[in-house]
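Colleague: My structure file input-v6.cif, mmCIF, C-alpha atoms and all ligand atoms, is below:
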data_entry
#
loop_
_atom_site.label_atom_id
_atom_site.label_comp_id
_atom_site.auth_asym_id
_atom_site.auth_seq_id
_atom_site.Cartn_x
_atom_site.Cartn_y
_atom_site.Cartn_z
CA MET A 68 114.74 103.84 73.77
CA LYS A 69 114.10 100.20 73.13
CA GLN A 70 115.36 98.77 69.80
CA GLN A 71 112.47 98.03 67.41
CA ARG A 72 112.05 94.38 66.53
CA ILE A 73 109.23 93.27 64.27
CA LEU A 74 107.46 89.92 64.02
CA ILE A 75 105.13 89.27 61.07
CA LEU A 76 102.49 86.59 60.57
CA ASP A 77 100.87 86.38 57.13
CA ASP A 78 100.05 83.24 55.16
CA ASP A 79 101.07 85.07 51.98
CA SER A 80 104.86 84.86 51.81
CA SER A 81 105.08 87.71 49.31
CA VAL A 82 103.46 90.04 51.85
CA CYS A 83 105.95 88.78 54.45
CA SER A 84 108.93 89.59 52.26
CA LEU A 85 107.56 92.96 51.25
CA ILE A 86 107.15 94.00 54.88
CA CYS A 87 110.48 92.48 55.90
CA ASN A 88 112.36 94.24 53.11
CA THR A 89 110.77 97.54 54.02
CA ALA A 90 111.73 97.06 57.67
CA THR A 91 115.29 96.04 56.84
CA ASP A 92 115.67 99.11 54.60
CA MET A 93 114.66 101.18 57.60
CA GLY A 94 117.28 99.46 59.71
CA ILE A 95 114.71 97.56 61.77
CA GLU A 96 115.26 93.93 62.71
CA CYS A 97 112.50 91.73 61.35
CA ILE A 98 111.29 88.12 61.53
CA SER A 99 108.45 86.86 59.35
CA THR A 100 106.60 83.59 59.13
CA THR A 101 103.58 82.09 57.43
CA THR A 102 102.71 79.64 60.22
CA PRO A 103 101.12 80.35 63.59
CA GLU A 104 103.34 77.75 65.35
CA ARG A 105 106.56 79.43 64.31
CA PHE A 106 105.02 82.83 65.06
CA LEU A 107 104.27 81.84 68.66
CA GLY A 108 107.73 80.29 68.94
CA GLU A 109 109.39 83.54 67.89
CA LEU A 110 107.26 85.68 70.20
CA THR A 111 109.49 86.91 73.01
CA ASP A 112 109.60 90.02 75.17
CA GLN A 113 112.11 91.44 72.71
CA ILE A 114 109.46 91.86 70.01
CA THR A 115 108.19 95.45 69.97
CA LEU A 116 105.89 95.35 66.96
CA ILE A 117 103.66 92.63 65.53
CA VAL A 118 102.10 92.72 62.08
CA LEU A 119 99.21 90.27 62.00
CA ASP A 120 97.10 89.11 59.08
CA LEU A 121 93.51 88.51 60.18
CA VAL A 122 92.60 85.92 57.58
CA MET A 123 94.74 82.77 57.44
CA PRO A 124 93.92 79.17 56.59
CA ASN A 125 94.80 77.43 59.88
CA ILE A 126 94.05 79.99 62.52
CA ASP A 127 92.14 83.20 62.27
CA GLY A 128 93.66 86.43 63.43
CA ILE A 129 90.92 86.94 66.01
CA GLU A 130 91.88 83.66 67.69
CA MET A 131 95.50 84.79 67.56
CA LEU A 132 94.61 88.09 69.27
CA ARG A 133 93.11 86.06 72.09
CA LEU A 134 96.26 83.96 72.38
CA LEU A 135 98.38 87.11 72.42
CA SER A 136 96.23 88.48 75.21
CA GLU A 137 96.56 85.25 77.20
CA ARG A 138 100.32 85.50 76.84
CA LYS A 139 100.09 89.09 78.08
CA CYS A 140 101.77 90.28 74.92
CA ARG A 141 102.89 93.88 75.26
CA ALA A 142 104.14 94.54 71.75
CA ASP A 143 102.38 97.09 69.56
CA ILE A 144 100.18 95.40 66.98
CA ILE A 145 99.22 96.31 63.43
CA VAL A 146 96.40 94.22 61.94
CA ILE A 147 96.06 93.70 58.19
CA SER A 148 93.29 92.20 56.11
CA GLY A 149 91.93 92.03 52.61
CA LEU A 150 88.38 91.92 53.92
CA GLY A 151 87.92 95.63 54.32
CA LYS A 152 87.94 98.23 57.01
CA ARG A 153 84.91 97.25 59.07
CA ILE A 154 86.32 93.88 60.09
CA LEU A 155 89.59 95.58 60.95
CA ASP A 156 87.80 98.10 63.15
CA THR A 157 86.01 95.26 64.92
CA ALA A 158 89.28 93.42 65.43
CA MET A 159 90.86 96.56 66.84
CA SER A 160 88.07 97.11 69.35
CA LEU A 161 88.26 93.50 70.38
CA ALA A 162 92.02 93.67 70.79
CA SER A 163 91.90 96.74 72.96
CA SER A 164 89.19 95.18 75.11
CA LEU A 165 91.60 92.26 75.56
CA GLY A 166 94.21 94.68 76.87
CA LEU A 167 96.37 94.58 73.74
CA SER A 168 98.02 97.64 72.24
CA VAL A 169 96.86 97.98 68.65
CA ILE A 170 98.43 100.93 66.89
CA GLY A 171 96.92 100.66 63.43
CA ASN A 172 95.41 98.67 60.61
CA LEU A 173 96.14 98.17 56.94
CA VAL A 174 93.63 97.21 54.27
CA LYS A 175 95.21 95.08 51.52
CA PRO A 176 96.47 96.21 49.08
CA PHE A 177 98.11 98.91 51.19
CA ARG A 178 100.63 101.56 50.33
CA LEU A 179 104.16 101.00 51.48
CA SER A 180 104.23 104.55 52.80
CA GLU A 181 101.36 103.73 55.19
CA LEU A 182 103.27 100.79 56.58
CA GLN A 183 106.48 102.80 56.86
CA GLY A 184 104.62 105.49 58.78
CA MET A 185 103.45 102.93 61.34
CA MET A 186 106.86 101.32 61.63
CA ARG A 187 108.38 104.67 62.44
CA HIS A 188 106.12 104.68 65.48
CA ARG A 189 108.36 104.71 68.53
CA PRO A 190 107.63 101.92 70.97
CA GLN A 191 106.34 103.24 74.29
CA PRO A 192 107.36 101.80 77.62
CA PHE A 193 105.30 98.66 78.04
CA SER A 194 103.86 99.34 81.44
CA ALA A 195 102.05 102.45 80.26
CA GLN A 196 100.16 100.54 77.63
CA TYR A 197 98.96 97.39 79.23
CA ASN A 198 95.47 97.86 80.62
CA THR A 199 95.40 96.42 84.07
CA ASP A 200 92.03 95.28 85.35
CA ILE A 201 89.99 97.73 87.35
CA ILE A 202 90.87 97.17 90.98
CA SER A 203 87.78 96.42 92.95
CA ILE A 204 87.42 96.23 96.68
CA PRO A 205 85.71 93.11 97.95
CA PHE A 206 82.83 93.77 100.32
CA ASP A 207 79.93 91.76 101.58
CA ILE A 208 76.23 92.35 101.95
CA ASP A 209 76.48 93.36 105.63
CA GLU A 210 79.09 95.96 104.95
CA PHE A 211 77.02 97.36 102.11
CA SER A 212 73.82 97.35 104.19
CA GLN A 213 75.67 99.30 106.82
CA ALA A 214 76.79 101.83 104.20
CA ILE A 215 73.17 102.37 103.18
CA GLN A 216 72.14 102.65 106.82
CA ASN A 217 74.79 105.34 107.36
CA GLU A 218 74.08 106.93 104.00
CA ASP A 219 77.79 106.77 103.21
CA PHE A 220 77.27 108.08 99.69
CA VAL A 221 78.12 111.37 98.10
CA LEU A 222 76.82 112.76 94.86
CA HIS A 223 79.07 114.50 92.40
CA TYR A 224 77.52 116.85 89.87
CA GLN A 225 78.54 117.41 86.29
CA PRO A 226 77.19 120.34 84.26
CA GLN A 227 75.19 119.97 81.06
CA ILE A 228 75.76 122.83 78.68
CA SER A 229 73.61 124.20 75.87
CA ILE A 230 75.83 123.98 72.79
CA ALA A 231 74.05 126.88 71.11
CA THR A 232 74.14 129.39 73.96
CA GLY A 233 76.84 128.07 76.30
CA ARG A 234 74.46 128.27 79.24
CA CYS A 235 74.61 125.67 81.96
CA LEU A 236 71.15 124.11 81.72
CA GLY A 237 71.44 121.45 84.35
CA VAL A 238 73.46 118.85 86.20
CA GLU A 239 73.79 115.11 86.25
CA ALA A 240 74.15 113.53 89.70
CA LEU A 241 76.68 110.68 89.93
CA VAL A 242 77.06 108.59 93.06
CA ARG A 243 80.29 107.69 94.88
CA TRP A 244 80.55 105.51 97.96
CA GLN A 245 82.46 107.29 100.69
CA HIS A 246 84.05 104.23 102.26
CA PRO A 247 85.41 104.70 105.81
CA LYS A 248 88.58 102.70 104.99
CA HIS A 249 89.02 102.66 101.22
CA GLY A 250 88.00 106.23 100.45
CA LEU A 251 85.93 107.16 97.44
CA ILE A 252 84.62 104.20 95.45
CA TYR A 253 83.15 104.73 91.97
CA PRO A 254 79.77 103.34 90.95
CA ASP A 255 81.17 100.81 88.48
CA ALA A 256 82.67 99.03 91.50
CA PHE A 257 79.48 98.71 93.57
CA ILE A 258 76.21 99.34 91.71
CA LYS A 259 76.19 95.85 90.16
CA HIS A 260 76.81 94.34 93.61
CA ALA A 261 74.02 96.44 95.10
CA GLU A 262 71.72 95.03 92.42
CA ASN A 263 72.85 91.48 93.14
CA PHE A 264 72.41 91.96 96.89
CA ASN A 265 68.87 93.16 96.20
CA LEU A 266 69.73 96.42 97.92
CA ILE A 267 69.60 98.73 94.94
CA ASP A 268 66.15 100.12 95.74
CA ARG A 269 67.34 101.39 99.09
CA VAL A 270 70.32 103.05 97.42
CA THR A 271 68.04 104.56 94.79
CA TRP A 272 65.79 106.22 97.39
CA VAL A 273 68.66 107.50 99.49
CA LEU A 274 70.15 109.11 96.38
CA ILE A 275 66.92 110.57 95.05
CA ASN A 276 66.37 112.28 98.40
CA LYS A 277 69.93 113.50 98.47
CA ALA A 278 69.99 114.84 94.91
CA LEU A 279 66.67 116.64 95.29
CA SER A 280 67.60 118.18 98.61
CA GLU A 281 71.03 119.31 97.37
CA MET A 282 70.28 120.44 93.83
CA GLY A 283 66.52 120.47 93.45
CA ASN A 284 66.26 124.23 93.62
CA LEU A 285 69.49 125.52 92.15
CA ALA A 286 68.99 128.59 89.98
CA ASP A 287 71.35 130.59 87.81
CA ARG A 288 71.80 134.38 87.97
CA ASN A 289 68.80 134.98 85.77
CA GLY A 290 66.72 133.11 88.29
CA ASP A 291 66.24 130.19 85.93
CA LEU A 292 66.13 126.89 87.74
CA LEU A 293 68.53 124.19 86.58
CA MET A 294 67.51 120.76 85.36
CA LEU A 295 68.56 117.74 87.40
CA SER A 296 69.34 114.31 85.92
CA MET A 297 69.71 111.17 88.02
CA ASN A 298 70.84 107.68 87.08
CA ILE A 299 68.32 105.03 88.07
CA SER A 300 68.91 101.30 87.97
CA SER A 301 66.34 99.65 85.75
CA LEU A 302 65.66 97.21 88.61
CA SER A 303 64.22 100.05 90.68
CA LEU A 304 61.86 100.87 87.83
CA ARG A 305 60.08 97.55 88.07
CA ASP A 306 58.34 98.67 91.22
CA LEU A 307 54.86 99.85 90.30
CA HIS A 308 54.94 102.24 93.27
CA PHE A 309 57.98 104.07 91.93
CA PRO A 310 56.08 106.96 90.29
CA LYS A 311 54.03 107.60 93.43
CA PHE A 312 57.07 107.62 95.75
CA PHE A 313 59.09 109.70 93.33
CA THR A 314 56.37 112.30 93.00
CA SER A 315 55.95 112.59 96.73
CA ILE A 316 59.68 113.17 97.29
CA ALA A 317 59.74 115.83 94.58
CA SER A 318 56.81 117.60 96.17
CA LYS A 319 58.43 117.36 99.63
CA TYR A 320 61.40 119.37 98.26
CA GLY A 321 59.19 121.61 96.12
CA VAL A 322 60.78 120.54 92.86
CA SER A 323 58.63 120.47 89.76
CA LEU A 324 58.69 117.20 87.87
CA GLU A 325 59.41 118.85 84.52
CA ARG A 326 62.88 119.75 85.71
CA LEU A 327 63.81 116.17 86.58
CA THR A 328 65.19 113.58 84.22
CA LEU A 329 65.80 109.92 84.96
CA GLU A 330 68.65 108.31 83.04
CA ILE A 331 68.30 104.62 82.36
CA THR A 332 71.08 102.74 80.66
CA GLU A 333 70.18 101.13 77.40
CA SER A 334 71.39 97.74 78.59
CA GLY A 335 69.08 98.00 81.59
CA LEU A 336 66.14 98.56 79.29
CA ILE A 337 66.79 95.33 77.43
CA SER A 338 65.17 93.40 80.23
CA ASP A 339 62.08 95.55 79.85
CA SER A 340 59.23 93.96 81.64
CA SER A 341 55.74 95.27 81.15
CA LYS A 342 56.11 96.71 84.67
CA THR A 343 59.05 98.87 83.62
CA LEU A 344 57.15 100.25 80.66
CA ASP A 345 54.14 100.90 82.87
CA VAL A 346 56.31 102.84 85.33
CA LEU A 347 58.09 104.79 82.59
CA ALA A 348 54.82 105.68 80.88
CA ARG A 349 53.32 106.97 84.12
CA LEU A 350 56.42 109.00 84.95
CA ARG A 351 56.27 110.51 81.50
CA LEU A 352 52.60 111.40 81.94
CA LYS A 353 53.65 113.34 85.01
CA LYS A 354 56.22 115.17 82.80
CA VAL A 355 59.35 113.58 84.25
CA GLY A 356 62.07 113.46 81.57
CA LEU A 357 63.41 110.05 80.56
CA SER A 358 66.84 109.66 79.08
CA ILE A 359 68.37 106.64 77.39
CA ASP A 360 71.91 106.64 78.74
CA ASP A 361 74.95 105.25 76.91
CA PHE A 362 72.89 105.21 73.72
CA GLY A 363 74.38 103.00 71.03
CA THR A 364 76.00 100.47 73.35
CA GLY A 365 72.95 98.26 73.94
CA TYR A 366 71.81 95.35 71.85
CA SER A 367 68.40 96.28 70.58
CA MET A 368 68.36 100.01 70.51
CA MET A 369 65.72 100.36 67.82
CA LYS A 370 63.26 98.37 69.91
CA GLN A 371 64.02 100.51 72.97
CA LEU A 372 63.49 103.64 70.95
CA ARG A 373 60.10 102.49 69.80
CA ASN A 374 58.87 101.24 73.19
CA VAL A 375 60.31 103.58 75.76
CA PRO A 376 58.66 107.00 76.02
CA ALA A 377 62.06 108.67 76.32
CA THR A 378 62.62 112.39 75.89
CA GLU A 379 66.40 112.34 75.62
CA LEU A 380 69.22 110.32 74.09
CA LYS A 381 72.71 110.43 75.55
CA ILE A 382 75.30 109.48 73.00
CA ASP A 383 77.80 107.25 74.74
CA LYS A 384 81.20 108.79 75.27
CA SER A 385 82.96 105.96 73.45
CA PHE A 386 81.48 107.32 70.19
CA VAL A 387 82.05 111.01 70.95
CA GLN A 388 85.68 110.35 71.78
CA ASN A 389 86.38 108.38 68.61
CA LEU A 390 85.22 110.73 65.88
CA GLN A 391 88.29 110.00 63.78
CA ASN A 392 86.84 106.51 63.31
CA ASP A 393 84.32 106.43 60.44
CA ASN A 394 81.93 104.03 62.20
CA ASP A 395 81.83 106.04 65.41
CA ARG A 396 81.36 109.31 63.55
CA VAL A 397 78.42 107.86 61.63
CA MET A 398 76.91 106.58 64.90
CA VAL A 399 77.08 110.09 66.37
CA GLU A 400 75.62 111.72 63.26
CA LYS A 401 72.78 109.21 62.98
CA THR A 402 71.95 109.36 66.68
CA ILE A 403 71.59 113.12 66.43
CA GLU A 404 69.34 112.69 63.38
CA ILE A 405 67.19 110.04 65.06
CA GLY A 406 66.86 112.26 68.10
CA ARG A 407 65.80 115.20 66.00
CA ASP A 408 63.31 113.15 63.97
CA LEU A 409 61.76 111.75 67.15
CA ALA A 410 61.72 115.18 68.84
CA MET A 411 64.14 114.06 71.54
CA THR A 412 66.93 116.09 73.10
CA VAL A 413 70.35 114.71 72.26
CA VAL A 414 73.19 114.99 74.75
CA GLY A 415 76.78 114.34 73.71
CA GLU A 416 78.57 112.71 76.62
CA GLY A 417 82.31 112.65 77.34
CA VAL A 418 83.15 115.86 75.46
CA GLU A 419 86.80 116.54 76.19
CA THR A 420 87.95 118.73 73.32
CA GLU A 421 86.83 121.76 71.37
CA GLU A 422 86.91 119.68 68.16
CA GLN A 423 84.42 117.22 69.63
CA LEU A 424 82.20 120.10 70.73
CA ASN A 425 82.40 121.75 67.30
CA PHE A 426 81.54 118.49 65.59
CA LEU A 427 78.46 118.03 67.78
CA ARG A 428 77.44 121.62 67.13
CA SER A 429 77.86 121.25 63.37
CA ARG A 430 75.56 118.23 63.41
CA GLY A 431 72.88 119.93 65.47
CA CYS A 432 73.38 118.27 68.86
CA GLU A 433 71.84 120.42 71.59
CA ILE A 434 73.60 119.62 74.84
CA ALA A 435 77.16 118.70 75.76
CA GLN A 436 78.58 117.17 78.90
CA GLY A 437 82.19 116.30 79.62
CA TYR A 438 85.57 117.20 81.05
CA PHE A 439 85.86 120.01 78.48
CA PHE A 440 83.49 121.92 80.77
CA SER A 441 83.98 120.15 84.07
CA LYS A 442 84.45 116.79 85.73
CA PRO A 443 81.73 115.64 88.10
CA LEU A 444 82.34 117.67 91.28
CA PRO A 445 81.20 117.50 94.91
CA LYS A 446 78.34 119.88 95.65
CA THR A 447 80.28 122.86 97.00
CA GLU A 448 82.91 122.63 94.28
CA PHE A 449 80.19 122.42 91.69
CA LEU A 450 78.54 125.55 93.08
CA ALA A 451 81.89 127.37 92.90
CA TRP A 452 82.44 126.14 89.35
CA HIS A 453 78.97 127.37 88.40
CA GLU A 454 79.65 130.85 89.79
CA THR A 455 82.94 131.15 87.93
CA TYR A 456 81.43 129.76 84.77
CA GLN A 457 78.66 132.37 84.84
CA ASP A 458 81.27 135.11 85.48
CA SER A 459 83.25 133.97 82.48
CA ARG A 460 80.24 134.32 80.24
CA ILE A 461 79.39 137.95 81.03
O1 LIG B 1 80.85 108.56 87.41
P1 LIG B 1 81.02 107.60 86.68
O2 LIG B 1 80.91 108.48 87.40
O3 LIG B 1 82.12 106.68 87.04
O4 LIG B 1 79.66 106.75 86.63
C1 LIG B 1 79.70 105.50 86.02
C2 LIG B 1 78.32 104.92 85.83
O5 LIG B 1 77.71 104.60 87.06
C3 LIG B 1 77.35 105.88 85.16
O6 LIG B 1 77.42 105.71 83.80
C4 LIG B 1 76.00 105.42 85.69
O7 LIG B 1 75.42 104.50 84.78
C5 LIG B 1 76.32 104.73 86.98
N1 LIG B 1 75.82 105.58 88.07
C6 LIG B 1 76.32 106.75 88.49
N2 LIG B 1 75.57 107.24 89.50
C7 LIG B 1 74.57 106.36 89.68
C8 LIG B 1 73.45 106.31 90.57
O8 LIG B 1 73.21 107.21 91.38
N3 LIG B 1 72.63 105.22 90.49
C9 LIG B 1 72.86 104.22 89.60
N4 LIG B 1 72.00 103.20 89.57
N5 LIG B 1 73.88 104.25 88.74
C10 LIG B 1 74.73 105.30 88.78
O1 LIG B 2 75.82 107.79 83.48
P1 LIG B 2 76.98 107.51 82.70
O2 LIG B 2 77.39 106.53 81.82
O3 LIG B 2 76.50 108.38 81.52
O4 LIG B 2 78.08 108.47 83.34
C1 LIG B 2 79.02 109.11 82.64
C2 LIG B 2 80.37 108.62 83.04
O5 LIG B 2 81.32 109.27 82.22
C3 LIG B 2 80.78 108.95 84.47
O6 LIG B 2 81.60 107.93 84.89
C4 LIG B 2 81.57 110.24 84.33
O7 LIG B 2 82.50 110.40 85.37
C5 LIG B 2 82.27 109.97 83.00
N1 LIG B 2 82.60 111.18 82.23
C6 LIG B 2 81.91 112.33 82.14
N2 LIG B 2 82.51 113.20 81.30
C7 LIG B 2 83.61 112.58 80.84
C8 LIG B 2 84.66 112.96 79.95
O8 LIG B 2 84.69 114.05 79.37
N3 LIG B 2 85.63 112.04 79.73
C9 LIG B 2 85.63 110.82 80.32
N4 LIG B 2 86.64 110.00 80.04
N5 LIG B 2 84.67 110.43 81.17
C10 LIG B 2 83.67 111.30 81.44
MN MN B 3 74.29 108.93 83.09
#
Starting from the file, give its structure as structure tokens.
Ligand code: G
Ligand code: G
Ligand code: MN
Modeller:
Amino acid sequence: MKQQRILILDDDSSVCSLICNTATDMGIECISTTTPERFLGELTDQITLIVLDLVMPNIDGIEMLRLLSERKCRADIIVISGLGKRILDTAMSLASSLGLSVIGNLVKPFRLSELQGMMRHRPQPFSAQYNTDIISIPFDIDEFSQAIQNEDFVLHYQPQISIATGRCLGVEALVRWQHPKHGLIYPDAFIKHAENFNLIDRVTWVLINKALSEMGNLADRNGDLLMLSMNISSLSLRDLHFPKFFTSIASKYGVSLERLTLEITESGLISDSSKTLDVLARLRLKKVGLSIDDFGTGYSMMKQLRNVPATELKIDKSFVQNLQNDNDRVMVEKTIEIGRDLAMTVVGEGVETEEQLNFLRSRGCEIAQGYFFSKPLPKTEFLAWHETYQDSRI
């Protein structure tokens, strides 16, 4: 176990001594300073814990977090501020998006016992904490065109469960690129490129055909057909012919439009052109379900809610997985309320634990999706999961 060593930056020297005395009493080595220059000078790989005041005269703590990230600082960080909890929560989200390891926050005036509790925190090995960037495989437009030509994509399916009855109501189809050399590549690594290459429409149609042929007519033991949700790039929804093509593919596979839902990410809807709204309205008139994916992460969600004729809201997993945070919990509660008031179905995404499921249930959320039930699975594995799941419910 690495020896704890604390470095404190606070422009209030009385706070510095209070923290230092506490640390020394606990047998922890401690350095404190009121100036950013000295702070950066003292920052070495030996420091395991940093206590950082967010509001200082010469540099703000947010700027300091950025500097720490640039220096690839791997120490655990506690942020403190007299400005209240919301700013601290924002600083913590920012810090973790910068790859820093923030372990807690303290609102001034704080209790010594709170600080002591955090200091007792045992430093973890550094490598486990530092978020490395997502590795992405470089590929060019020809290679990607070829992949579309060969239809080198597989769909994985993740169940959507009725929270009230436990029944599996439907599946969401999620694409993966089956790359001949690199293996399975996840959508975050290629969908954006497909959009930039202007090839996304071709991918969209390949996948709609695939999803409908594989899962369009899946029924459970009662003979009830399952719902099928697909993710559609908002760029593909600018094509005024989309509803016509979509309808004809559904009829080719004999799938009724009421059982299909198109998920559009909230950020995609921001660029709503009148064409997109035209397409969405016509799909809705044909009874296709429309879901706002990753709800809560976009920039103008109230405007989207008013304009888009959506039937479903999917609460982004970042909120569902952070219910211990007051802000995230309120987001989840209010999204469920908005959904109910607007007669929309609300799906809680990224449900991993029973507590998360119980919380959603207690607030009246209807559908849950997440690893708690199953990861997205290839078709045959999904079918096996579905059989076993139905067995377990008899
Ligand atoms: O499975 P994860 O499976 O990594 O999916 C990440 C994101 O990729 C999803 O949130 C979704 O927005 C996007 N995505 C998944 N499948 C598709 C697809 O078939 N088409 C498009 N356009 N996006 C998809
Ligand atoms: O379309 P979209 O953003 O909604 O896709 C959901 C993403 O979330 C996919 O990448 C899927 O693999 C992932 N996912 C689904 N359930 C869980 C879960 O319980 N935990 C986590 N961490 N990710 C999940
Ligand atoms: Mn989705």
Colleague: So, counting all atoms listed in the file, which residue among A:Arg234, A:Lys384, A:Lys354, A:Arg141 is closest to ligand LIG 2 (chain B)?
Modeller: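 Comparing A:Arg234, A:Lys384, A:Lys354, A:Arg141 against ligand LIG 2 (chain B), the winner is A:Lys384.
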Colleague: Compile the contact shell of region 182-188 of chain A as a PyMOL selection string: residues with an atom at most 9 Å away, counting only C-alpha atoms, same-chain residues fewer than 6 positions apart removed.
Modeller: chain A and resi 71+73+86+89-90+93+95+116+145+170-171+173
Colleague: Compute the set of protein, DNA and RNA residues whose minimum atom distance to ligand LIG 1 (chain B) is at most 6 Å, using all atoms listed in the file, and state it as an NGL selection string.
Modeller: :A and (241-242 or 253-255 or 298-300)
Colleague: Once you count all atoms listed in the file, which residues end up within 9 Å of ligand MN 3 (chain B), and could you hand them over as a PyMOL selection string?
Modeller: chain A and resi 239-241+296-299+329-332+358-361+381+416
Colleague: Taking only C-alpha atoms and all ligand atoms into account, which of A:Ile258, A:Leu350, A:Leu76, A:Ile316 comes nearest ligand LIG 2 (chain B)?
Modeller: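 Distance minimum relative to ligand LIG 2 (chain B) lands on A:Ile258.
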Colleague: Give me the residues near Phe211 (chain A) as a ChimeraX atom specification, where near means some atom within 10 Å (using only C-alpha atoms) and where sequence neighbours in that chain fewer than 4 positions away do not count.
Modeller: /A:206-207,215-217,219,244,246,257,260-261,264,266,270
Colleague: So how many Å separate atom P1 of ligand LIG 2 (chain B) and CA of Ala317 (chain A), to one decimal?
Modeller: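 Distance reported for this atom pair: 22.5 Å.
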Colleague: Starting from 4 Å padding per side, set up an axis-aligned box that covers all listed atoms of ligand LIG 2 (chain B) and hand over centre and edge lengths in Å, one decimal, as lines of an AutoDock Vina configuration file.
Modeller:
center_x = 81.2
center_y = 110.3
center_z = 82.4
size_x = 18.8
size_y = 15.5
size_z = 14.0
Colleague: Could you tell me how far CA of Asp287 (chain A) sits from CA of Thr232 (chain A), in Å to one decimal place?
Modeller: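 Taking CA of Thr232 (chain A) and CA of Asp287 (chain A), their separation equals 14.2 Å.
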Colleague: Quick one, how far is CA of Lys446 (chain A) from CA of Gly321 (chain A)?
Modeller: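 According to the coordinates, CA of Lys446 (chain A) and CA of Gly321 (chain A) are separated by 19.2 Å.
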Colleague: Skipping near chain neighbours, those fewer than 3 positions away, what residues fall within 10 Å of region 366-377 of chain A using all atoms listed in the file, listed as a PDB file with C-alpha atoms, in the frame of the given file?
Modeller:
ATOM      1  CA  THR A 328      65.190 113.580  84.220  1.00  0.00           C
ATOM      2  CA  LEU A 329      65.800 109.920  84.960  1.00  0.00           C
ATOM      3  CA  GLU A 330      68.650 108.310  83.040  1.00  0.00           C
ATOM      4  CA  ILE A 331      68.300 104.620  82.360  1.00  0.00           C
ATOM      5  CA  GLU A 333      70.180 101.130  77.400  1.00  0.00           C
ATOM      6  CA  SER A 334      71.390  97.740  78.590  1.00  0.00           C
ATOM      7  CA  LEU A 336      66.140  98.560  79.290  1.00  0.00           C
ATOM      8  CA  ILE A 337      66.790  95.330  77.430  1.00  0.00           C
ATOM      9  CA  ASP A 339      62.080  95.550  79.850  1.00  0.00           C
ATOM     10  CA  THR A 343      59.050  98.870  83.620  1.00  0.00           C
ATOM     11  CA  LEU A 344      57.150 100.250  80.660  1.00  0.00           C
ATOM     12  CA  ASP A 345      54.140 100.900  82.870  1.00  0.00           C
ATOM     13  CA  LEU A 347      58.090 104.790  82.590  1.00  0.00           C
ATOM     14  CA  ALA A 348      54.820 105.680  80.880  1.00  0.00           C
ATOM     15  CA  ARG A 349      53.320 106.970  84.120  1.00  0.00           C
ATOM     16  CA  LEU A 350      56.420 109.000  84.950  1.00  0.00           C
ATOM     17  CA  ARG A 351      56.270 110.510  81.500  1.00  0.00           C
ATOM     18  CA  LEU A 352      52.600 111.400  81.940  1.00  0.00           C
ATOM     19  CA  VAL A 355      59.350 113.580  84.250  1.00  0.00           C
ATOM     20  CA  GLY A 356      62.070 113.460  81.570  1.00  0.00           C
ATOM     21  CA  LEU A 357      63.410 110.050  80.560  1.00  0.00           C
ATOM     22  CA  SER A 358      66.840 109.660  79.080  1.00  0.00           C
ATOM     23  CA  ILE A 359      68.370 106.640  77.390  1.00  0.00           C
ATOM     24  CA  PHE A 362      72.890 105.210  73.720  1.00  0.00           C
ATOM     25  CA  GLY A 363      74.380 103.000  71.030  1.00  0.00           C
ATOM     26  CA  LEU A 380      69.220 110.320  74.090  1.00  0.00           C
ATOM     27  CA  ILE A 405      67.190 110.040  65.060  1.00  0.00           C
ATOM     28  CA  GLY A 406      66.860 112.260  68.100  1.00  0.00           C
ATOM     29  CA  LEU A 409      61.760 111.750  67.150  1.00  0.00           C
ATOM     30  CA  ALA A 410      61.720 115.180  68.840  1.00  0.00           C
ATOM     31  CA  MET A 411      64.140 114.060  71.540  1.00  0.00           C
ATOM     32  CA  THR A 412      66.930 116.090  73.100  1.00  0.00           C
TER      33      THR A 412
END
Colleague: Hey, what's within 12 Å of Ala286 (chain A) if we count all atoms listed in the file and toss same-chain stuff fewer than 4 positions away? As a ChimeraX atom specification, please?
Modeller: /A:235-238,282,290-295,322,326,450,453-454,457
Colleague: Restricting the calculation to all atoms listed in the file: of A:Gln225, A:Thr102, A:Ser301, A:Thr314, which residue gets closest to ligand LIG 2 (chain B)?
Modeller: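 The answer is A:Gln225, which sits nearest to ligand LIG 2 (chain B).
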Colleague: Determine the nearest neighbour of ligand LIG 2 (chain B) from the options A:Glu421, A:Glu404, A:Asp127, A:Glu210, counting all atoms listed in the file.
Modeller: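 Residue with the minimum atom-to-atom distance to ligand LIG 2 (chain B): A:Glu421.
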Colleague: Kindly work out which residues sit at most 6 Å from ligand LIG 2 (chain B), using all atoms listed in the file, and give the list as a PyMOL selection string.
Modeller: chain A and resi 360-361+417-419+437-438+443
Colleague: So which one's closest to Phe177 (chain A), A:Leu165, A:Lys139, A:Val82, A:Ile461? Using all atoms listed in the file, please.
Modeller: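 Selected residue with least distance to Phe177 (chain A): A:Val82.
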Colleague: Got a sec: who's within 12 Å of Leu424 (chain A), counting all atoms listed in the file, leaving out chain neighbours fewer than 2 positions off, as a ChimeraX atom specification?
Modeller: /A:228-231,233,387-388,390,414-422,426-440
